[in-house]
>>> print(open('input-v5.cif').read())   # mmCIF, C-alpha atoms
data_entry
loop_
_atom_site.label_atom_id
_atom_site.label_comp_id
_atom_site.auth_asym_id
_atom_site.auth_seq_id
_atom_site.Cartn_x
_atom_site.Cartn_y
_atom_site.Cartn_z
CA MET A 27 127.33 2.65 -123.62
CA ALA A 28 123.89 1.97 -124.99
CA LEU A 29 125.31 -1.11 -126.65
CA MET A 30 126.27 -2.51 -123.30
CA VAL A 31 122.87 -1.90 -121.73
CA ILE A 32 120.90 -3.64 -124.49
CA PRO A 33 122.61 -7.04 -124.06
CA GLY A 34 122.13 -6.70 -120.26
CA LEU A 35 118.42 -6.07 -120.72
CA ALA A 36 118.13 -8.94 -123.12
CA ALA A 37 119.70 -11.23 -120.52
CA CYS A 38 117.01 -10.19 -117.98
CA GLY A 39 114.22 -11.10 -120.36
CA SER A 40 112.39 -14.38 -120.21
CA SER A 41 113.96 -17.38 -121.75
CA SER A 42 112.25 -19.98 -123.86
CA ASP A 43 112.76 -22.58 -121.03
CA SER A 44 110.32 -21.10 -118.49
CA GLY A 45 109.63 -24.47 -116.79
CA THR A 46 113.16 -25.41 -115.71
CA ILE A 47 115.01 -23.90 -112.79
CA SER A 48 118.38 -25.16 -111.79
CA LEU A 49 119.13 -25.42 -108.07
CA PRO A 50 122.52 -25.68 -106.49
CA PRO A 51 123.49 -29.16 -105.31
CA ALA A 52 122.20 -30.12 -101.82
CA ALA A 53 124.71 -29.97 -99.00
CA SER A 54 125.71 -33.38 -97.82
CA LYS A 55 124.70 -34.39 -94.28
CA PRO A 56 127.47 -34.94 -91.76
CA PRO A 57 128.17 -38.57 -90.97
CA ALA A 58 126.30 -40.04 -87.96
CA SER A 59 129.53 -40.73 -86.12
CA ALA A 60 130.64 -37.08 -86.21
CA PRO A 61 132.23 -36.08 -82.90
CA LYS A 62 130.09 -33.82 -80.72
CA ALA A 63 131.30 -30.88 -78.73
CA PRO A 64 132.99 -31.97 -75.50
CA MET A 65 130.76 -31.61 -72.42
CA ILE A 66 132.09 -30.06 -69.24
CA PRO A 67 131.09 -32.44 -66.40
CA ASN A 68 131.14 -30.02 -63.46
CA PRO A 69 131.86 -26.37 -64.12
CA GLN A 70 134.03 -24.83 -61.47
CA PRO A 71 132.53 -21.77 -59.70
CA ALA A 72 134.29 -18.47 -60.02
CA ALA A 73 136.47 -17.38 -57.13
CA GLY A 74 134.46 -15.95 -54.24
CA PHE A 75 131.24 -17.85 -55.05
CA THR A 76 129.86 -20.79 -53.11
CA PRO A 77 128.47 -23.60 -55.29
CA LEU A 78 124.80 -24.52 -54.81
CA PRO A 79 123.94 -28.02 -53.62
CA THR A 80 122.86 -30.55 -56.19
CA PRO A 81 119.21 -31.66 -56.34
CA GLN A 82 120.22 -35.00 -54.82
CA GLN A 83 121.87 -33.23 -51.86
CA VAL A 84 118.74 -31.16 -51.26
CA VAL A 85 116.44 -34.18 -51.29
CA ALA A 86 118.78 -36.16 -49.03
CA ALA A 87 118.81 -33.34 -46.45
CA LEU A 88 115.01 -33.29 -46.07
CA PRO A 89 113.58 -35.24 -43.14
CA THR A 90 111.18 -38.00 -43.99
CA GLY A 91 107.51 -37.57 -43.09
CA ARG A 92 105.51 -38.75 -40.13
CA ILE A 93 104.99 -42.44 -39.49
CA ASP A 94 101.26 -42.06 -40.15
CA PRO A 95 100.56 -38.89 -42.18
CA PHE A 96 96.80 -39.23 -41.59
CA ALA A 97 96.99 -39.45 -37.80
CA PRO A 98 95.75 -36.35 -35.93
CA LEU A 99 98.40 -33.89 -34.84
CA PRO A 100 99.27 -33.96 -31.16
CA GLN A 101 97.40 -31.22 -29.30
CA PRO A 102 99.12 -29.17 -26.58
CA ALA A 103 97.68 -29.74 -23.12
CA ALA A 104 95.33 -27.05 -21.85
CA ALA A 105 96.70 -24.74 -19.18
CA GLY A 106 95.29 -24.93 -15.70
CA ALA A 107 94.06 -28.01 -13.92
CA PRO A 108 95.14 -31.42 -15.25
CA ALA A 109 91.50 -32.45 -15.54
CA ALA A 110 90.97 -29.77 -18.23
CA ALA A 111 92.87 -31.89 -20.75
CA ALA A 112 90.57 -34.82 -19.99
CA SER A 113 87.38 -32.77 -20.42
CA PRO A 114 85.23 -33.42 -23.50
CA LEU A 115 85.63 -29.80 -24.60
CA ARG A 116 88.07 -28.80 -27.33
CA PHE A 117 88.91 -25.07 -27.68
CA THR A 118 89.59 -24.26 -31.36
CA GLY A 119 89.55 -20.46 -31.73
CA VAL A 120 88.26 -17.02 -30.80
CA ILE A 121 86.45 -14.31 -32.73
CA ARG A 122 85.00 -10.88 -32.04
CA THR A 123 81.76 -10.13 -33.83
CA ALA A 124 79.53 -7.09 -33.29
CA GLY A 125 81.67 -6.13 -30.29
CA GLN A 126 81.08 -9.47 -28.56
CA ALA A 127 83.87 -11.99 -27.92
CA GLN A 128 83.07 -15.59 -28.83
CA ALA A 129 85.07 -18.77 -28.39
CA LEU A 130 84.88 -21.59 -30.92
CA VAL A 131 84.61 -24.94 -29.19
CA GLN A 132 83.86 -28.56 -29.95
CA VAL A 133 81.96 -30.65 -27.40
CA GLY A 134 81.67 -34.26 -28.43
CA ASP A 135 80.43 -34.30 -32.03
CA GLN A 136 78.95 -30.76 -31.87
CA SER A 137 80.83 -27.55 -32.49
CA GLY A 138 79.99 -23.86 -32.41
CA ALA A 139 80.53 -20.56 -30.66
CA VAL A 140 80.09 -19.85 -26.94
CA CYS A 141 79.82 -16.49 -25.20
CA VAL A 142 80.32 -15.27 -21.65
CA GLY A 143 77.47 -16.49 -19.43
CA ARG A 144 75.63 -19.56 -18.21
CA ARG A 145 76.21 -22.57 -20.53
CA GLY A 146 77.96 -20.23 -22.99
CA VAL A 147 74.75 -19.30 -24.79
CA CYS A 148 75.22 -16.34 -27.15
CA SER A 149 72.25 -13.99 -26.86
CA GLY A 150 70.31 -13.49 -30.06
CA SER A 151 71.84 -16.49 -31.84
CA GLY A 152 68.84 -18.77 -31.34
CA LEU A 153 71.16 -21.78 -31.14
CA PRO A 154 70.96 -24.38 -28.36
CA ALA A 155 73.61 -24.42 -25.63
CA LEU A 156 76.71 -26.52 -26.34
CA LEU A 157 77.92 -26.73 -22.73
CA PRO A 158 76.41 -28.95 -20.01
CA ALA A 159 74.10 -27.41 -17.41
CA ASP A 160 76.77 -27.04 -14.69
CA TRP A 161 79.21 -25.16 -16.96
CA SER A 162 79.48 -21.43 -17.58
CA VAL A 163 81.87 -19.23 -19.53
CA THR A 164 83.67 -16.81 -17.19
CA SER A 165 85.77 -14.89 -19.73
CA ILE A 166 87.01 -14.90 -23.32
CA ASP A 167 90.24 -13.04 -24.15
CA VAL A 168 90.44 -12.64 -27.92
CA ALA A 169 93.88 -10.94 -27.89
CA SER A 170 95.63 -13.74 -26.00
CA GLY A 171 93.45 -16.64 -27.25
CA ARG A 172 92.20 -17.67 -23.82
CA LEU A 173 88.92 -19.18 -22.64
CA VAL A 174 88.03 -19.45 -18.94
CA LEU A 175 85.21 -21.79 -17.89
CA ASN A 176 83.60 -22.60 -14.56
CA GLN A 177 82.71 -26.27 -14.33
CA ALA A 178 80.69 -27.12 -11.22
CA GLY A 179 82.61 -24.55 -9.17
CA GLN A 180 86.03 -25.47 -10.58
CA ARG A 181 87.89 -23.00 -12.82
CA ARG A 182 89.14 -24.33 -16.20
CA VAL A 183 91.50 -22.30 -18.40
CA PHE A 184 92.04 -23.15 -22.08
CA THR A 185 94.57 -21.44 -24.35
CA LEU A 186 95.21 -21.67 -28.06
#
>>> encode(input="input-v5.cif", output="structure tokens")
Amino acid sequence: MALMVIPGLAACGSSSDSGTISLPPAASKPPASAPKAPMIPNPQPAAGFTPLPTPQQVVAALPTGRIDPFAPLPQPAAAGAPAAAASPLRFTGVIRTAGQAQALVQVGDQSGAVCVGRRGVCSGSGLPALLPADWSVTSIDVASGRLVLNQAGQRRVFTL
């Protein structure tokens, strides 16, 4: 048995040709015209499933945009008298701050908050009045988004 181990150990020892290593031959590349796996054009859905629409079907179903995407959106007419829509006032929102209801309005090129009272002046704000002298704010309903003004004795109601 020892005789068999010695030749095995001798075979594991270093050889005199330490610089040469033989590699197996390289595998040849497949030819360029090799047939590829067949592609399934449209897989059929399993029974009981509804197929999803294609991306082209989704895009085709979308409506096209507005004629002029930069034009202002049409504003709903203010409730109340027809003259309210023609007034220079634009009602844009309501807020409640420090227990006081305020309406956000735009009059001409100026905008700001108005409060209940003559000319809509908010006490303690130090800001000038936005409304003309013959206007006053009668009520502001934050919950329903409603502003009621009195313009020279005529009641004007604005809603969001």
>>> closest_residue(input="input-v5.cif", among="A:Gln82, A:Ala159, A:Gly74, A:Pro154", to="A:Gln136", atoms="all atoms listed in the file")
A:Pro154
>>> atom_distance(input="input-v5.cif", atom1="atom CA of A:Pro114", atom2="atom CA of A:Pro158")
10.5 Å
>>> atom_distance(input="input-v5.cif", atom1="atom CA of A:Thr185", atom2="atom CA of A:Ile121")
13.7 Å
>>> atom_distance(input="input-v5.cif", atom1="atom CA of A:Trp161", atom2="atom CA of A:Leu186")
19.8 Å
>>> closest_residue(input="input-v5.cif", among="A:Leu156, A:Ile166, A:Val174, A:Ala97", to="A:Gly134", atoms="only C-alpha atoms")
A:Leu156
>>> residues_around(input="input-v5.cif", residues="A:Ala169", least_positions_apart="2", cutoff="10 Å", atoms="all atoms listed in the file", output="VMD selection string")
chain A and resid 120 to 122 166 to 167 171 to 172
>>> write_last_selection(input="input-v5.cif", atoms="C-alpha atoms", output="PDB file, in the frame of the given file")
ATOM      1  CA  VAL A 120      88.260 -17.020 -30.800  1.00  0.00           C
ATOM      2  CA  ILE A 121      86.450 -14.310 -32.730  1.00  0.00           C
ATOM      3  CA  ARG A 122      85.000 -10.880 -32.040  1.00  0.00           C
ATOM      4  CA  ILE A 166      87.010 -14.900 -23.320  1.00  0.00           C
ATOM      5  CA  ASP A 167      90.240 -13.040 -24.150  1.00  0.00           C
ATOM      6  CA  GLY A 171      93.450 -16.640 -27.250  1.00  0.00           C
ATOM      7  CA  ARG A 172      92.200 -17.670 -23.820  1.00  0.00           C
TER       8      ARG A 172
END
>>> resolve_selection(input="input-v5.cif", expression="the PyMOL selection byres ((chain A and resi 118) around 9)", output="PyMOL selection string")
chain A and resi 116-117+119-120+129-132+186
>>> closest_residue(input="input-v5.cif", among="A:Val84, A:Leu157, A:Leu115, A:Ala127", to="A:Val183", atoms="all atoms listed in the file")
A:Leu115
>>> resolve_selection(input="input-v5.cif", expression="the PyMOL selection byres ((chain A and resi 162) around 9)", output="PDB file with C-alpha atoms, keeping the file's coordinate frame")
ATOM      1  CA  VAL A 142      80.320 -15.270 -21.650  1.00  0.00           C
ATOM      2  CA  GLY A 143      77.470 -16.490 -19.430  1.00  0.00           C
ATOM      3  CA  ARG A 144      75.630 -19.560 -18.210  1.00  0.00           C
ATOM      4  CA  ARG A 145      76.210 -22.570 -20.530  1.00  0.00           C
ATOM      5  CA  GLY A 146      77.960 -20.230 -22.990  1.00  0.00           C
ATOM      6  CA  VAL A 147      74.750 -19.300 -24.790  1.00  0.00           C
ATOM      7  CA  LEU A 157      77.920 -26.730 -22.730  1.00  0.00           C
ATOM      8  CA  PRO A 158      76.410 -28.950 -20.010  1.00  0.00           C
ATOM      9  CA  ALA A 159      74.100 -27.410 -17.410  1.00  0.00           C
ATOM     10  CA  ASP A 160      76.770 -27.040 -14.690  1.00  0.00           C
ATOM     11  CA  TRP A 161      79.210 -25.160 -16.960  1.00  0.00           C
ATOM     12  CA  VAL A 163      81.870 -19.230 -19.530  1.00  0.00           C
ATOM     13  CA  THR A 164      83.670 -16.810 -17.190  1.00  0.00           C
ATOM     14  CA  VAL A 174      88.030 -19.450 -18.940  1.00  0.00           C
ATOM     15  CA  LEU A 175      85.210 -21.790 -17.890  1.00  0.00           C
ATOM     16  CA  ASN A 176      83.600 -22.600 -14.560  1.00  0.00           C
ATOM     17  CA  GLN A 177      82.710 -26.270 -14.330  1.00  0.00           C
ATOM     18  CA  ALA A 178      80.690 -27.120 -11.220  1.00  0.00           C
TER      19      ALA A 178
END
>>> build_atoms(input="input-v5.cif", residues="stretch 154-176 of chain A", atoms="N, CA, C and O atoms", output="PDB file, in the coordinates of the input")
ATOM      1  N   PRO A 154      70.980 -23.723 -29.675  1.00  0.00           N
ATOM      2  CA  PRO A 154      70.960 -24.380 -28.360  1.00  0.00           C
ATOM      3  C   PRO A 154      72.338 -24.320 -27.706  1.00  0.00           C
ATOM      4  O   PRO A 154      73.359 -24.146 -28.365  1.00  0.00           O
ATOM      5  N   ALA A 155      72.358 -24.468 -26.393  1.00  0.00           N
ATOM      6  CA  ALA A 155      73.610 -24.420 -25.630  1.00  0.00           C
ATOM      7  C   ALA A 155      74.460 -25.647 -25.958  1.00  0.00           C
ATOM      8  O   ALA A 155      73.962 -26.762 -26.096  1.00  0.00           O
ATOM      9  N   LEU A 156      75.778 -25.413 -26.092  1.00  0.00           N
ATOM     10  CA  LEU A 156      76.710 -26.520 -26.340  1.00  0.00           C
ATOM     11  C   LEU A 156      77.232 -27.110 -25.037  1.00  0.00           C
ATOM     12  O   LEU A 156      77.567 -28.292 -24.984  1.00  0.00           O
ATOM     13  N   LEU A 157      77.311 -26.292 -23.995  1.00  0.00           N
ATOM     14  CA  LEU A 157      77.920 -26.730 -22.730  1.00  0.00           C
ATOM     15  C   LEU A 157      76.883 -27.383 -21.825  1.00  0.00           C
ATOM     16  O   LEU A 157      75.696 -27.044 -21.865  1.00  0.00           O
ATOM     17  N   PRO A 158      77.324 -28.324 -20.980  1.00  0.00           N
ATOM     18  CA  PRO A 158      76.410 -28.950 -20.010  1.00  0.00           C
ATOM     19  C   PRO A 158      75.847 -27.924 -19.028  1.00  0.00           C
ATOM     20  O   PRO A 158      76.345 -26.805 -18.906  1.00  0.00           O
ATOM     21  N   ALA A 159      74.827 -28.320 -18.295  1.00  0.00           N
ATOM     22  CA  ALA A 159      74.100 -27.410 -17.410  1.00  0.00           C
ATOM     23  C   ALA A 159      74.967 -26.826 -16.306  1.00  0.00           C
ATOM     24  O   ALA A 159      74.761 -25.689 -15.892  1.00  0.00           O
ATOM     25  N   ASP A 160      75.967 -27.557 -15.811  1.00  0.00           N
ATOM     26  CA  ASP A 160      76.770 -27.040 -14.690  1.00  0.00           C
ATOM     27  C   ASP A 160      78.000 -26.253 -15.159  1.00  0.00           C
ATOM     28  O   ASP A 160      78.854 -25.923 -14.360  1.00  0.00           O
ATOM     29  N   TRP A 161      78.083 -25.919 -16.434  1.00  0.00           N
ATOM     30  CA  TRP A 161      79.210 -25.160 -16.960  1.00  0.00           C
ATOM     31  C   TRP A 161      78.777 -23.737 -17.277  1.00  0.00           C
ATOM     32  O   TRP A 161      77.641 -23.487 -17.683  1.00  0.00           O
ATOM     33  N   SER A 162      79.720 -22.804 -17.154  1.00  0.00           N
ATOM     34  CA  SER A 162      79.480 -21.430 -17.580  1.00  0.00           C
ATOM     35  C   SER A 162      80.801 -20.853 -18.086  1.00  0.00           C
ATOM     36  O   SER A 162      81.883 -21.263 -17.655  1.00  0.00           O
ATOM     37  N   VAL A 163      80.691 -19.888 -18.992  1.00  0.00           N
ATOM     38  CA  VAL A 163      81.870 -19.230 -19.530  1.00  0.00           C
ATOM     39  C   VAL A 163      82.130 -17.991 -18.688  1.00  0.00           C
ATOM     40  O   VAL A 163      81.275 -17.102 -18.593  1.00  0.00           O
ATOM     41  N   THR A 164      83.307 -17.930 -18.056  1.00  0.00           N
ATOM     42  CA  THR A 164      83.670 -16.810 -17.190  1.00  0.00           C
ATOM     43  C   THR A 164      84.238 -15.653 -18.001  1.00  0.00           C
ATOM     44  O   THR A 164      83.850 -14.504 -17.803  1.00  0.00           O
ATOM     45  N   SER A 165      85.187 -15.952 -18.912  1.00  0.00           N
ATOM     46  CA  SER A 165      85.770 -14.890 -19.730  1.00  0.00           C
ATOM     47  C   SER A 165      86.333 -15.465 -21.021  1.00  0.00           C
ATOM     48  O   SER A 165      86.705 -16.637 -21.088  1.00  0.00           O
ATOM     49  N   ILE A 166      86.404 -14.567 -22.028  1.00  0.00           N
ATOM     50  CA  ILE A 166      87.010 -14.900 -23.320  1.00  0.00           C
ATOM     51  C   ILE A 166      87.948 -13.757 -23.655  1.00  0.00           C
ATOM     52  O   ILE A 166      87.517 -12.611 -23.768  1.00  0.00           O
ATOM     53  N   ASP A 167      89.245 -14.054 -23.795  1.00  0.00           N
ATOM     54  CA  ASP A 167      90.240 -13.040 -24.150  1.00  0.00           C
ATOM     55  C   ASP A 167      90.672 -13.300 -25.595  1.00  0.00           C
ATOM     56  O   ASP A 167      91.426 -14.231 -25.874  1.00  0.00           O
ATOM     57  N   VAL A 168      90.166 -12.452 -26.503  1.00  0.00           N
ATOM     58  CA  VAL A 168      90.440 -12.640 -27.920  1.00  0.00           C
ATOM     59  C   VAL A 168      91.913 -12.370 -28.218  1.00  0.00           C
ATOM     60  O   VAL A 168      92.544 -13.095 -28.989  1.00  0.00           O
ATOM     61  N   ALA A 169      92.490 -11.333 -27.606  1.00  0.00           N
ATOM     62  CA  ALA A 169      93.880 -10.940 -27.890  1.00  0.00           C
ATOM     63  C   ALA A 169      94.876 -12.038 -27.532  1.00  0.00           C
ATOM     64  O   ALA A 169      95.832 -12.281 -28.259  1.00  0.00           O
ATOM     65  N   SER A 170      94.666 -12.716 -26.420  1.00  0.00           N
ATOM     66  CA  SER A 170      95.630 -13.740 -26.000  1.00  0.00           C
ATOM     67  C   SER A 170      95.150 -15.156 -26.320  1.00  0.00           C
ATOM     68  O   SER A 170      95.844 -16.127 -26.019  1.00  0.00           O
ATOM     69  N   GLY A 171      93.964 -15.312 -26.899  1.00  0.00           N
ATOM     70  CA  GLY A 171      93.450 -16.640 -27.250  1.00  0.00           C
ATOM     71  C   GLY A 171      93.214 -17.500 -26.035  1.00  0.00           C
ATOM     72  O   GLY A 171      93.715 -18.614 -25.948  1.00  0.00           O
ATOM     73  N   ARG A 172      92.415 -16.969 -25.079  1.00  0.00           N
ATOM     74  CA  ARG A 172      92.200 -17.670 -23.820  1.00  0.00           C
ATOM     75  C   ARG A 172      90.713 -17.762 -23.505  1.00  0.00           C
ATOM     76  O   ARG A 172      89.968 -16.800 -23.695  1.00  0.00           O
ATOM     77  N   LEU A 173      90.302 -18.915 -23.043  1.00  0.00           N
ATOM     78  CA  LEU A 173      88.920 -19.180 -22.640  1.00  0.00           C
ATOM     79  C   LEU A 173      88.935 -19.669 -21.199  1.00  0.00           C
ATOM     80  O   LEU A 173      89.671 -20.589 -20.869  1.00  0.00           O
ATOM     81  N   VAL A 174      88.119 -19.037 -20.347  1.00  0.00           N
ATOM     82  CA  VAL A 174      88.030 -19.450 -18.940  1.00  0.00           C
ATOM     83  C   VAL A 174      86.609 -19.934 -18.687  1.00  0.00           C
ATOM     84  O   VAL A 174      85.637 -19.206 -18.925  1.00  0.00           O
ATOM     85  N   LEU A 175      86.494 -21.165 -18.195  1.00  0.00           N
ATOM     86  CA  LEU A 175      85.210 -21.790 -17.890  1.00  0.00           C
ATOM     87  C   LEU A 175      85.110 -22.069 -16.395  1.00  0.00           C
ATOM     88  O   LEU A 175      86.116 -22.230 -15.706  1.00  0.00           O
ATOM     89  N   ASN A 176      83.868 -22.177 -15.920  1.00  0.00           N
ATOM     90  CA  ASN A 176      83.600 -22.600 -14.560  1.00  0.00           C
ATOM     91  C   ASN A 176      82.776 -23.872 -14.678  1.00  0.00           C
ATOM     92  O   ASN A 176      81.661 -23.845 -15.177  1.00  0.00           O
TER      93      ASN A 176
END
